[in-house]
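So this block is start_37.pdb, PDB, C-alpha atoms, pLDDT in the B column:
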```
ATOM      1  CA  MET A   1    -117.803 137.630 -90.939  1.00 56.00           C
ATOM      2  CA  GLU A   2    -115.057 136.091 -88.851  1.00 55.00           C
ATOM      3  CA  LYS A   3    -114.810 132.308 -88.577  1.00 57.00           C
ATOM      4  CA  THR A   4    -114.203 130.983 -85.096  1.00 56.00           C
ATOM      5  CA  ARG A   5    -112.514 127.710 -84.407  1.00 55.00           C
ATOM      6  CA  SER A   6    -113.307 125.645 -81.412  1.00 54.00           C
ATOM      7  CA  GLY A   7    -111.030 122.855 -80.282  1.00 53.00           C
ATOM      8  CA  PRO A   8    -109.005 121.550 -77.404  1.00 52.00           C
ATOM      9  CA  PHE A   9    -106.341 124.275 -77.670  1.00 52.00           C
ATOM     10  CA  ASP A  10    -108.296 127.503 -78.081  1.00 52.00           C
ATOM     11  CA  GLY A  11    -109.703 127.633 -74.557  1.00 51.00           C
ATOM     12  CA  ARG A  12    -113.182 128.379 -75.939  1.00 52.00           C
ATOM     13  CA  GLY A  13    -116.181 126.436 -76.963  1.00 50.00           C
ATOM     14  CA  SER A  14    -117.262 123.300 -75.229  1.00 54.00           C
ATOM     15  CA  GLY A  15    -113.646 122.180 -74.621  1.00 52.00           C
ATOM     16  CA  GLY A  16    -111.774 125.022 -72.922  1.00 57.00           C
ATOM     17  CA  ARG A  17    -109.302 124.172 -70.189  1.00 65.00           C
ATOM     18  CA  PRO A  18    -110.979 120.895 -69.231  1.00 65.00           C
ATOM     19  CA  ALA A  19    -110.575 119.725 -72.847  1.00 65.00           C
ATOM     20  CA  ILE A  20    -106.857 120.583 -72.815  1.00 68.00           C
ATOM     21  CA  ARG A  21    -106.401 118.759 -69.533  1.00 64.00           C
ATOM     22  CA  SER A  22    -108.259 115.667 -70.833  1.00 65.00           C
ATOM     23  CA  TRP A  23    -106.251 115.665 -74.054  1.00 59.00           C
ATOM     24  CA  PHE A  24    -102.968 116.059 -72.159  1.00 57.00           C
ATOM     25  CA  LEU A  25    -103.810 113.256 -69.731  1.00 59.00           C
ATOM     26  CA  ALA A  26    -104.738 110.922 -72.591  1.00 60.00           C
ATOM     27  CA  VAL A  27    -101.471 111.641 -74.416  1.00 59.00           C
ATOM     28  CA  ALA A  28     -99.414 111.337 -71.220  1.00 55.00           C
ATOM     29  CA  ALA A  29    -101.049 107.998 -70.351  1.00 55.00           C
ATOM     30  CA  THR A  30    -100.349 106.691 -73.854  1.00 57.00           C
ATOM     31  CA  VAL A  31     -96.702 107.775 -73.693  1.00 51.00           C
ATOM     32  CA  ILE A  32     -96.252 106.139 -70.272  1.00 54.00           C
ATOM     33  CA  LEU A  33     -97.870 102.923 -71.504  1.00 46.00           C
ATOM     34  CA  VAL A  34     -95.633 102.765 -74.585  1.00 44.00           C
ATOM     35  CA  LEU A  35     -92.463 103.526 -72.589  1.00 43.00           C
ATOM     36  CA  THR A  36     -93.351 100.951 -69.954  1.00 41.00           C
ATOM     37  CA  ALA A  37     -93.977  98.263 -72.568  1.00 41.00           C
ATOM     38  CA  TYR A  38     -90.740  99.144 -74.353  1.00 39.00           C
ATOM     39  CA  GLY A  39     -88.811  99.202 -71.074  1.00 38.00           C
ATOM     40  CA  ALA A  40     -90.070  95.768 -70.020  1.00 36.00           C
ATOM     41  CA  THR A  41     -89.158  94.295 -73.391  1.00 36.00           C
ATOM     42  CA  ALA A  42     -85.771  95.999 -73.372  1.00 37.00           C
ATOM     43  CA  PHE A  43     -85.103  94.748 -69.832  1.00 39.00           C
ATOM     44  CA  ALA A  44     -86.011  91.168 -70.775  1.00 40.00           C
ATOM     45  CA  ALA A  45     -83.964  91.321 -73.957  1.00 41.00           C
ATOM     46  CA  ASP A  46     -81.047  92.926 -72.120  1.00 49.00           C
ATOM     47  CA  GLY A  47     -80.663  89.856 -69.899  1.00 55.00           C
ATOM     48  CA  ALA A  48     -79.433  87.749 -72.812  1.00 62.00           C
ATOM     49  CA  SER A  49     -77.762  90.519 -74.802  1.00 69.00           C
ATOM     50  CA  THR A  50     -75.144  90.996 -72.083  1.00 80.00           C
ATOM     51  CA  LEU A  51     -74.262  87.289 -71.930  1.00 86.00           C
ATOM     52  CA  PRO A  52     -71.455  85.493 -73.719  1.00 88.00           C
ATOM     53  CA  PRO A  53     -72.840  83.506 -76.675  1.00 86.00           C
ATOM     54  CA  ASN A  54     -72.502  80.171 -74.843  1.00 89.00           C
ATOM     55  CA  TRP A  55     -74.593  81.271 -71.825  1.00 93.00           C
ATOM     56  CA  HIS A  56     -78.339  81.507 -71.217  1.00 93.00           C
ATOM     57  CA  VAL A  57     -80.645  83.345 -68.808  1.00 96.00           C
ATOM     58  CA  HIS A  58     -83.561  81.789 -66.891  1.00 96.00           C
ATOM     59  CA  ASP A  59     -85.979  84.697 -67.337  1.00 96.00           C
ATOM     60  CA  GLY A  60     -89.015  82.864 -68.717  1.00 96.00           C
ATOM     61  CA  GLN A  61     -88.837  84.798 -71.998  1.00 95.00           C
ATOM     62  CA  GLY A  62     -88.369  81.787 -74.300  1.00 93.00           C
ATOM     63  CA  ALA A  63     -90.074  83.582 -77.192  1.00 94.00           C
ATOM     64  CA  LEU A  64     -87.122  86.008 -77.321  1.00 92.00           C
ATOM     65  CA  GLY A  65     -84.713  83.322 -78.506  1.00 91.00           C
ATOM     66  CA  PRO A  66     -82.574  80.352 -77.509  1.00 90.00           C
ATOM     67  CA  GLN A  67     -80.622  82.225 -74.819  1.00 92.00           C
ATOM     68  CA  HIS A  68     -83.841  82.649 -72.803  1.00 94.00           C
ATOM     69  CA  LYS A  69     -84.975  79.669 -70.709  1.00 95.00           C
ATOM     70  CA  GLY A  70     -87.755  78.949 -68.232  1.00 95.00           C
ATOM     71  CA  ILE A  71     -87.623  80.278 -64.687  1.00 96.00           C
ATOM     72  CA  ALA A  72     -87.552  76.736 -63.282  1.00 92.00           C
ATOM     73  CA  PHE A  73     -86.770  76.274 -59.586  1.00 95.00           C
ATOM     74  CA  PHE A  74     -84.569  79.332 -59.092  1.00 97.00           C
ATOM     75  CA  PRO A  75     -87.081  81.445 -57.076  1.00 98.00           C
ATOM     76  CA  ALA A  76     -87.632  78.438 -54.770  1.00 96.00           C
ATOM     77  CA  ILE A  77     -83.892  77.932 -54.326  1.00 97.00           C
ATOM     78  CA  LEU A  78     -83.337  81.619 -53.573  1.00 98.00           C
ATOM     79  CA  GLY A  79     -86.402  81.825 -51.287  1.00 97.00           C
ATOM     80  CA  ILE A  80     -87.921  84.795 -53.143  1.00 98.00           C
ATOM     81  CA  SER A  81     -91.024  85.495 -55.205  1.00 97.00           C
ATOM     82  CA  THR A  82     -91.020  85.140 -58.980  1.00 97.00           C
ATOM     83  CA  ALA A  83     -91.407  88.932 -59.314  1.00 97.00           C
ATOM     84  CA  GLN A  84     -88.331  89.510 -57.139  1.00 97.00           C
ATOM     85  CA  TYR A  85     -86.392  86.830 -59.014  1.00 98.00           C
ATOM     86  CA  LEU A  86     -87.131  88.391 -62.409  1.00 97.00           C
ATOM     87  CA  GLN A  87     -85.363  91.571 -61.306  1.00 97.00           C
ATOM     88  CA  ASP A  88     -82.079  89.591 -61.343  1.00 97.00           C
ATOM     89  CA  PRO A  89     -82.565  86.197 -63.051  1.00 97.00           C
ATOM     90  CA  ALA A  90     -80.003  83.395 -63.005  1.00 97.00           C
ATOM     91  CA  ARG A  91     -77.498  83.265 -65.850  1.00 96.00           C
ATOM     92  CA  CYS A  92     -75.826  79.956 -66.660  1.00 94.00           C
ATOM     93  CA  PRO A  93     -73.201  78.605 -69.036  1.00 92.00           C
ATOM     94  CA  ASN A  94     -74.507  76.152 -71.624  1.00 87.00           C
ATOM     95  CA  ALA A  95     -73.359  72.562 -71.208  1.00 74.00           C
ATOM     96  CA  THR A  96     -71.117  72.721 -74.271  1.00 58.00           C
ATOM     97  CA  ASP A  97     -68.463  70.448 -72.801  1.00 57.00           C
ATOM     98  CA  LYS A  98     -70.540  67.528 -71.537  1.00 54.00           C
ATOM     99  CA  SER A  99     -67.479  65.303 -71.358  1.00 54.00           C
ATOM    100  CA  PHE A 100     -66.484  67.204 -68.215  1.00 59.00           C
ATOM    101  CA  LEU A 101     -69.784  66.539 -66.413  1.00 58.00           C
ATOM    102  CA  PRO A 102     -69.626  63.871 -63.697  1.00 57.00           C
ATOM    103  CA  SER A 103     -72.147  61.653 -65.543  1.00 53.00           C
ATOM    104  CA  PHE A 104     -69.961  61.233 -68.640  1.00 52.00           C
ATOM    105  CA  GLY A 105     -68.597  57.764 -69.373  1.00 52.00           C
ATOM    106  CA  GLN A 106     -67.894  55.457 -66.440  1.00 51.00           C
ATOM    107  CA  SER A 107     -69.657  57.192 -63.538  1.00 49.00           C
ATOM    108  CA  GLU A 108     -71.466  55.858 -60.503  1.00 51.00           C
ATOM    109  CA  GLY A 109     -74.840  57.265 -61.545  1.00 57.00           C
ATOM    110  CA  ALA A 110     -76.727  59.326 -64.063  1.00 74.00           C
ATOM    111  CA  ILE A 111     -76.376  62.996 -63.227  1.00 79.00           C
ATOM    112  CA  LEU A 112     -79.013  65.065 -64.967  1.00 82.00           C
ATOM    113  CA  ARG A 113     -77.454  68.438 -64.128  1.00 86.00           C
ATOM    114  CA  ALA A 114     -74.179  69.631 -62.677  1.00 86.00           C
ATOM    115  CA  GLY A 115     -72.899  73.169 -62.789  1.00 89.00           C
ATOM    116  CA  GLU A 116     -73.194  76.709 -61.575  1.00 93.00           C
ATOM    117  CA  CYS A 117     -75.485  79.602 -62.357  1.00 95.00           C
ATOM    118  CA  GLN A 118     -75.317  83.111 -61.006  1.00 96.00           C
ATOM    119  CA  THR A 119     -77.247  86.276 -60.372  1.00 96.00           C
ATOM    120  CA  SER A 120     -75.572  89.609 -59.742  1.00 96.00           C
ATOM    121  CA  THR A 121     -75.129  88.709 -56.067  1.00 97.00           C
ATOM    122  CA  VAL A 122     -74.890  84.912 -55.703  1.00 97.00           C
ATOM    123  CA  ILE A 123     -73.562  81.749 -57.289  1.00 97.00           C
ATOM    124  CA  ILE A 124     -75.984  78.817 -57.364  1.00 97.00           C
ATOM    125  CA  HIS A 125     -74.162  75.462 -57.411  1.00 95.00           C
ATOM    126  CA  LEU A 126     -76.387  72.696 -58.812  1.00 94.00           C
ATOM    127  CA  ARG A 127     -76.316  68.925 -59.062  1.00 92.00           C
ATOM    128  CA  THR A 128     -79.381  66.896 -60.070  1.00 91.00           C
ATOM    129  CA  VAL A 129     -79.225  63.142 -59.491  1.00 91.00           C
ATOM    130  CA  PRO A 130     -81.694  60.236 -59.256  1.00 92.00           C
ATOM    131  CA  VAL A 131     -83.831  60.180 -56.104  1.00 94.00           C
ATOM    132  CA  GLY A 132     -82.040  58.147 -53.436  1.00 93.00           C
ATOM    133  CA  THR A 133     -78.590  59.393 -54.431  1.00 92.00           C
ATOM    134  CA  ALA A 134     -76.765  61.290 -51.710  1.00 92.00           C
ATOM    135  CA  GLY A 135     -75.735  64.841 -52.475  1.00 91.00           C
ATOM    136  CA  PRO A 136     -72.703  66.859 -51.491  1.00 93.00           C
ATOM    137  CA  GLU A 137     -72.391  67.493 -47.768  1.00 95.00           C
ATOM    138  CA  GLY A 138     -73.897  70.768 -46.602  1.00 96.00           C
ATOM    139  CA  TRP A 139     -76.032  71.262 -49.727  1.00 97.00           C
ATOM    140  CA  ARG A 140     -79.817  71.636 -49.559  1.00 97.00           C
ATOM    141  CA  SER A 141     -82.170  69.710 -51.831  1.00 97.00           C
ATOM    142  CA  LEU A 142     -85.491  69.932 -53.610  1.00 96.00           C
ATOM    143  CA  THR A 143     -87.520  67.738 -55.931  1.00 94.00           C
ATOM    144  CA  TRP A 144     -89.151  69.585 -58.802  1.00 91.00           C
ATOM    145  CA  PRO A 145     -92.563  68.486 -60.206  1.00 92.00           C
ATOM    146  CA  SER A 146     -91.272  68.212 -63.790  1.00 90.00           C
ATOM    147  CA  GLU A 147     -88.425  65.922 -62.644  1.00 91.00           C
ATOM    148  CA  PRO A 148     -90.015  63.611 -60.039  1.00 93.00           C
ATOM    149  CA  ALA A 149     -87.381  60.878 -60.420  1.00 92.00           C
ATOM    150  CA  PHE A 150     -84.567  63.322 -59.612  1.00 93.00           C
ATOM    151  CA  VAL A 151     -83.492  65.417 -56.659  1.00 95.00           C
ATOM    152  CA  THR A 152     -81.619  68.681 -57.153  1.00 95.00           C
ATOM    153  CA  TYR A 153     -78.940  69.510 -54.613  1.00 96.00           C
ATOM    154  CA  TYR A 154     -77.924  73.154 -54.433  1.00 97.00           C
ATOM    155  CA  LEU A 155     -75.651  75.494 -52.565  1.00 97.00           C
ATOM    156  CA  VAL A 156     -75.994  79.275 -52.743  1.00 98.00           C
ATOM    157  CA  THR A 157     -72.864  81.324 -52.071  1.00 97.00           C
ATOM    158  CA  ALA A 158     -72.214  85.053 -52.252  1.00 96.00           C
ATOM    159  CA  LEU A 159     -70.290  86.420 -55.196  1.00 90.00           C
TER     160      LEU A 159
END
```

Rewrite the structure of this file - the entire thing - as structure tokens.
Amino acid sequence: MEKTRSGPFDGRGSGGRPAIRSWFLAVAATVILVLTAYGATAFAADGASTLPPNWHVHDGQGALGPQHKGIAFFPAILGISTAQYLQDPARCPNATDKSFLPSFGQSEGAILRAGECQTSTVIIHLRTVPVGTAGPEGWRSLTWPSEPAFVTYYLVTAL
């Protein structure tokens, strides 16, 4: 007496071709899901891995380490959605030489932030000062909810 096997690959039994197709679709969906998850993580991690050690990226992936910072006001400054911004987040040098910032020592006012960040296409010049302080001529401004006592002046220029 010959034993017959029935399964998703033999084309017989209750499975047949529909069983092969279902099995293939399930495996393909799993592979796509795993690759997508890996790709998103690799993309987020890649943002900081390509930076010099004294720079950081504003990609909202703080759990990935100290070179990852919050998204902050960059999408608002660039006039794009958060999803669009995350395709090319701002990269900034750390303030390792604070003595060169305008607020060091004998200055006219407390400057919370002064510097430049960049994406692959633009440079974002920033200066954050107390509300009521005039900013550089020709720069735009915004007040961010987490810093209500300060106004951030910015200028976006092409690379």

message = Can you spell out as an MDAnalysis selection string the set of residues that the PyMOL selection byres ((chain A and resi 148) around 12) selects in the structure I just provided?
response = chainID A and resid 128:132 142:147 149:152

request  = Tell me, in Å to one decimal, how far atom CA of A:Pro66 is from atom CA of A:Ile111.
outcome  = 23.3 Å

inquiry  = With the PyMOL selection byres ((chain A and resi 126) around 9) as the selection, what would be picked from this file? Answer as a PyMOL selection string, please.
reply    = chain A and resi 113-117+124-125+127-128+152-156

key: Residues in the PyMOL selection byres ((chain A and resi 71-83) around 7), expressed as an NGL selection string   = :A and (58-60 or 69-70 or 84-87)
